[in-house]
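One structure is given below, encoded as structure tokens.
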Number of protein chains: 2
Amino acid sequence: VTSVADLAQRVIASEPRATARAMRIVDDRTVGWSELLKTLWPHTGRAWILGVTGSPGAGKSTLCDGLIEAYRAGGSRVGVVAVDPTSPYSGGAILGDRVRMARHATDDGVFIRSLATRGQLGGLSRSARDVVRILDASGYDVVLVETVGVGQDELDVTRSAHTTLVVVAPGMGDEVQASKAGILECADVFAVNKADRPGADGAMRDLELMVALGDESRRALSKTHAGTEQRADSDGWTPPILKCIATRGEGMPELVAALRRHRDWSEGTERGRARRRTRLAEELRATLRDALIEAAVFALGDRVDAAASDVEQREVDPYTATDRLVEQFRGR
Amino acid sequence: VTSVADLAQRVIASEPRATARAMRIVDDRTVGWSELLKTLWPHTGRAWILGVTGSPGAGKSTLCDGLIEAYRAGGSRVGVVAVDPTSPYSGGAILGDRVRMARHATDDGVFIRSLATRGQLGGLSRSARDVVRILDASGYDVVLVETVGVGQDELDVTRSAHTTLVVVAPGMGDEVQASKAGILECADVFAVNKADRPGADGAMRDLELMVALGDESRRALSKTHAGTEQRADSDGWTPPILKCIATRGEGMPELVAALRRHRDWSEGTERGRARRRTRLAEELRATLRDALIEAAVFALGDRVDAAASDVEQREVDPYTATDRLVEQFRGR
């Protein structure tokens, strides 16, 4: 039996098996999970978290492979969190891992973890956040978080990255989808992949227009705030849009450079740091939400089922029943 | 100034403007919203809630139009809740409404409400639930809840219906998506729309296979429970799969009949009633979750931001900070 402190030490010492075990403990909420995360916390905050999102046909996985290679070539250790919540039962995510596993099997500098589950308490964004933190504590310099760009859960995962790369392919209508689903607001860099396909120039133009419109509304907003915002605006970030063909490696060095520029901006400017702070505050709110529900379910026990039964028999309305449960939880 | 009791009376008396106003009050959480829902509660529980889900290209809206016509022809008053969370900014959902509004503009027996928002506290499923309940209290016999079949939020909305219709179109891979996204588990009736297109027979076969597999695993499960489950199994429900061409009205009478059969099953059999109870219990849990968060945000006030700031400065880890906030909320 290993103690939490021992396991944490082995995670910090970058033992892959300890890292994998820590992830299982935290994901299953096994006794000690919270202690483990608390112990690892002082050793986190060093990794650069790079979110990569896009629809399944955008060639996201191949592009991620290219990024892993580039960062490995630069001497960084790379963690990968692959989130595919649409396939809780299918082997999709697992198969994807195997392909990559085969390529990086002998490479101790790469750690890949799939999150194919869904519907667990706190959702995907919490699971992803915990896994990223463990990789961070385990000394992975870059952590890639790969998501399929649909749904609120995935958006939450994407929002917790330091830099977010949105991958689109021509002719899929992705650029329009992106503007709808709220992805545009969190995109730091755009990659138009499969740029040899028809429609690549059209996709570039659409994205350029959307970025320009976004910039305009940001400027309009900052004008109304005046004063303090004025200075910050001078070091704002406009998402660059890059073409690439990931399967042939074309455009990859330029993409890597653009991502690097965003990283530098995010770490080096007041506005970049402000955004990091905002994201941390959002995370705390999400964590608080989860913790409240867990504590309430534990404290109320059978009383939730009893209340549900009362509502079913129409003895009480669900709103009054809910008010009572909240009061009971607060010990009033 | 109208009192909550007055407004509730006018909702119950089916005044469309009062119903619309009640929806706004509840959606915006204006003072009195909770009192309003409590007052309306005794007048709910009569409507049949029909969820209709499918991807954007499946022809779901045309099919819904056909259903509205059929129910109106049968003398029912019809409420429609159109959920399109992927377009918080676009006019998509609004435009869809206008088209339908034009058709049903002179019809007092149809009430259409769009929910195009996203990211509000408690999410879409709560908004949809509240709107459905107001329509129920306002005497709409059938409430159609139209969702795009992606993401957990939409799935939650779909799950709260009494009967769920899943619409697929040939050649879109929808049937495979359905099996992945958890839609299959909540489907009561399948419609293969645009059945004159190539691939319709293939889509039918795929769905039949999936339903058969689902039935098998349900049977295997009920065997392990034995005894009490044995009887219930005799009145189980196997989702029928129907072809239709909604634009031409072909197959619509058969679809309406199949939906009616599910409604009768759901209301008339022990197993159907058990599922209704389960869904009500799930709803209470969701409502409790929302209420807890609201109460905590209210009670903790600035302390959440203060804690976030401490975490940012790495004075405390987020897990300890969260524990403390939960304790503070509980007044310990």
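Letters for chains follow the order of the structure tokens (A, B, ...), residue numbers begin at 1 for each chain, and ligand numbers begin at 1 in the order shown.
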Problem set entry | Spatial neighbours of Val52 (chain A), max dist 6 Å, only C-alpha atoms, sep filter under 6 positions, as a ChimeraX atom specification | /A:145-146,164-166
Exercise. What's the 12 Å shell around Pro170 (chain A), counting only C-alpha atoms, without same-chain residues fewer than 3 positions away, as a list in words?
Worked result: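 Here the qualifying residues turn out to be Ser55, Gly57, Ala58, Gly59, Val167, Gly173, Asp174, Glu175, Val176, Ala191, Val192, Asn193, Lys194, Ala195, Asp196, Arg197, Pro198, Gly199, Ala200, Asp201, Gly202, Ala203, Met204, Arg205, Asp206, Leu207, Lys243, Cys244 and Ile245 of chain A.
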Selection file, C-alpha atoms, as a CSV table (one decimal), in the first residue's frame:
chain,number,residue,atom,x,y,z
A,55,SER,CA,-14.9,18.7,-35.8
A,57,GLY,CA,-13.2,15.5,-40.1
A,58,ALA,CA,-10.9,18.4,-39.7
A,59,GLY,CA,-7.8,16.3,-39.4
A,167,VAL,CA,-8.8,23.5,-36.6
A,173,GLY,CA,-19.0,24.6,-42.9
A,174,ASP,CA,-16.8,24.5,-39.8
A,175,GLU,CA,-16.1,28.2,-39.9
A,176,VAL,CA,-19.8,29.0,-39.6
A,191,ALA,CA,-5.6,26.5,-38.6
A,192,VAL,CA,-7.2,25.8,-42.0
A,193,ASN,CA,-6.1,22.2,-42.4
A,194,LYS,CA,-6.2,20.2,-45.7
A,195,ALA,CA,-5.5,23.5,-47.4
A,196,ASP,CA,-5.0,21.8,-50.8
A,197,ARG,CA,-8.7,21.1,-50.9
A,198,PRO,CA,-11.2,23.3,-52.8
A,199,GLY,CA,-12.7,26.0,-50.6
A,200,ALA,CA,-9.5,26.6,-48.6
A,201,ASP,CA,-9.3,30.3,-49.7
A,202,GLY,CA,-13.0,30.7,-48.9
A,203,ALA,CA,-12.6,29.3,-45.5
A,204,MET,CA,-9.6,31.7,-44.9
A,205,ARG,CA,-11.7,34.7,-46.0
A,206,ASP,CA,-14.7,33.6,-43.8
A,207,LEU,CA,-12.5,33.3,-40.8
A,243,LYS,CA,-3.1,27.3,-43.7
A,244,CYS,CA,-1.6,23.9,-43.3
A,245,ILE,CA,-1.6,20.3,-44.7
Problem set entry | Option closest in space to chain A, from B:Val142, B:Leu135, B:Ile12, B:Val148 [counting only C-alpha atoms] |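 Closest candidate: B:Val148.
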For this session: Excluding Ala295 (chain B) and any residue of its chain fewer than 4 positions from it, enumerate the residues within 9 Å of it, using only C-alpha atoms, and give them as a VMD selection string.
Result: (chain A and resid 326) or (chain B and resid 290 to 291 299 to 300 329)
Kindly save the residues from that selection, with C-alpha atoms included, as a PDB file, in the first residue's frame.
ATOM      1  CA  VAL A 326     -31.386  23.260   0.397  1.00  0.00           C
TER       2      VAL A 326
ATOM      3  CA  ASP B 290     -29.286  24.565  -9.572  1.00  0.00           C
ATOM      4  CA  ALA B 291     -30.856  25.764  -6.336  1.00  0.00           C
ATOM      5  CA  ALA B 299     -24.722  33.428   0.477  1.00  0.00           C
ATOM      6  CA  LEU B 300     -20.992  33.535  -0.297  1.00  0.00           C
ATOM      7  CA  PHE B 329     -21.988  28.111   2.917  1.00  0.00           C
TER       8      PHE B 329
END
Exercise. If you measure from CA of Ala296 (chain A) to CA of Leu325 (chain A), what distance in Å do you get, rounded to one decimal?
Worked result: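 Here the two named atoms are 8.8 Å from each other.
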Exercise. Smallest atom-to-atom distance to chain B: which of A:Val78, A:Ala73, A:Val4, A:Leu37, using only C-alpha atoms?
Worked result: A:Leu37
For this session: Name the closest residue to Arg77 (chain B) among the candidates B:Asp107, B:Glu327, B:Glu283, B:Asp302; distances are taken between atoms, counting only C-alpha atoms.
Result: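 Selected residue with least distance to Arg77 (chain B): B:Asp107.
One finds CA of Arg260 (chain B) at 28.7 Å from CA of Glu315 (chain A).
Reported to one decimal place, the separation of CA of Phe190 (chain B) from CA of Arg276 (chain B) is 19.7 Å.
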For this session: Name the residues in contact with Val132 (chain A) at a cut-off of 9 Å, using only C-alpha atoms, excluding same-chain residues fewer than 5 positions from it; report them as a ChimeraX atom specification.
Result: /A:47,49,79-81,127,137,143-145
Same residues, all heavy atoms, output as a short mmCIF file (atom, residue, chain, number, x, y, z; two decimals), in the first residue's frame:
data_model
loop_
_atom_site.label_atom_id
_atom_site.label_comp_id
_atom_site.auth_asym_id
_atom_site.auth_seq_id
_atom_site.Cartn_x
_atom_site.Cartn_y
_atom_site.Cartn_z
N ALA A 47 3.32 23.92 -16.67
CA ALA A 47 3.01 23.44 -18.03
C ALA A 47 2.25 24.49 -18.83
O ALA A 47 1.51 25.30 -18.28
CB ALA A 47 2.18 22.16 -17.95
N ILE A 49 -0.66 24.80 -21.34
CA ILE A 49 -1.81 24.00 -21.71
C ILE A 49 -2.36 24.49 -23.04
O ILE A 49 -2.81 25.62 -23.16
CB ILE A 49 -2.90 24.04 -20.62
CG1 ILE A 49 -2.28 23.61 -19.29
CG2 ILE A 49 -4.07 23.14 -20.99
CD1 ILE A 49 -3.11 23.98 -18.07
N GLY A 79 2.40 15.97 -22.69
CA GLY A 79 1.24 15.20 -22.24
C GLY A 79 0.08 15.45 -23.18
O GLY A 79 -0.05 16.55 -23.72
N VAL A 80 -0.74 14.42 -23.41
CA VAL A 80 -1.88 14.58 -24.30
C VAL A 80 -3.13 14.09 -23.58
O VAL A 80 -3.15 12.98 -23.04
CB VAL A 80 -1.71 13.77 -25.61
CG1 VAL A 80 -2.91 13.96 -26.53
CG2 VAL A 80 -0.42 14.17 -26.32
N VAL A 81 -4.16 14.94 -23.54
CA VAL A 81 -5.45 14.52 -23.00
C VAL A 81 -6.43 14.55 -24.15
O VAL A 81 -6.73 15.61 -24.70
CB VAL A 81 -5.91 15.47 -21.87
CG1 VAL A 81 -7.20 14.95 -21.24
CG2 VAL A 81 -4.82 15.64 -20.83
N SER A 127 -12.82 16.42 -15.08
CA SER A 127 -11.91 15.30 -15.33
C SER A 127 -10.68 15.78 -16.10
O SER A 127 -9.54 15.46 -15.74
CB SER A 127 -12.59 14.22 -16.16
OG SER A 127 -13.61 13.62 -15.44
N ALA A 137 2.13 18.49 -12.85
CA ALA A 137 2.95 18.13 -11.68
C ALA A 137 4.00 17.10 -12.03
O ALA A 137 5.08 17.05 -11.42
CB ALA A 137 2.05 17.61 -10.56
N VAL A 143 1.04 20.44 -22.41
CA VAL A 143 -0.07 19.50 -22.33
C VAL A 143 -1.10 19.85 -23.40
O VAL A 143 -1.68 20.94 -23.39
CB VAL A 143 -0.74 19.51 -20.94
CG1 VAL A 143 -1.92 18.53 -20.91
CG2 VAL A 143 0.26 19.16 -19.84
N LEU A 144 -1.23 18.94 -24.38
CA LEU A 144 -2.22 19.12 -25.45
C LEU A 144 -3.55 18.59 -24.97
O LEU A 144 -3.64 17.46 -24.51
CB LEU A 144 -1.81 18.30 -26.67
CG LEU A 144 -0.75 18.82 -27.62
CD1 LEU A 144 -0.55 17.84 -28.78
CD2 LEU A 144 -1.17 20.15 -28.16
N VAL A 145 -4.60 19.38 -25.09
CA VAL A 145 -5.94 18.90 -24.75
C VAL A 145 -6.77 18.93 -26.02
O VAL A 145 -7.08 19.99 -26.55
CB VAL A 145 -6.59 19.76 -23.65
CG1 VAL A 145 -7.94 19.17 -23.25
CG2 VAL A 145 -5.69 19.87 -22.44
#
Exercise. From the list B:Leu115, B:Val316, B:Leu36, B:Ala281, which residue is nearest chain A when using only C-alpha atoms?
Worked result: B:Ala281
Seminar exercise, completed: Restricting to only C-alpha atoms, whichever of A:Asp108, A:Asp27, A:Glu250, A:Asp188 is closest to Leu50 (chain A) is A:Asp188
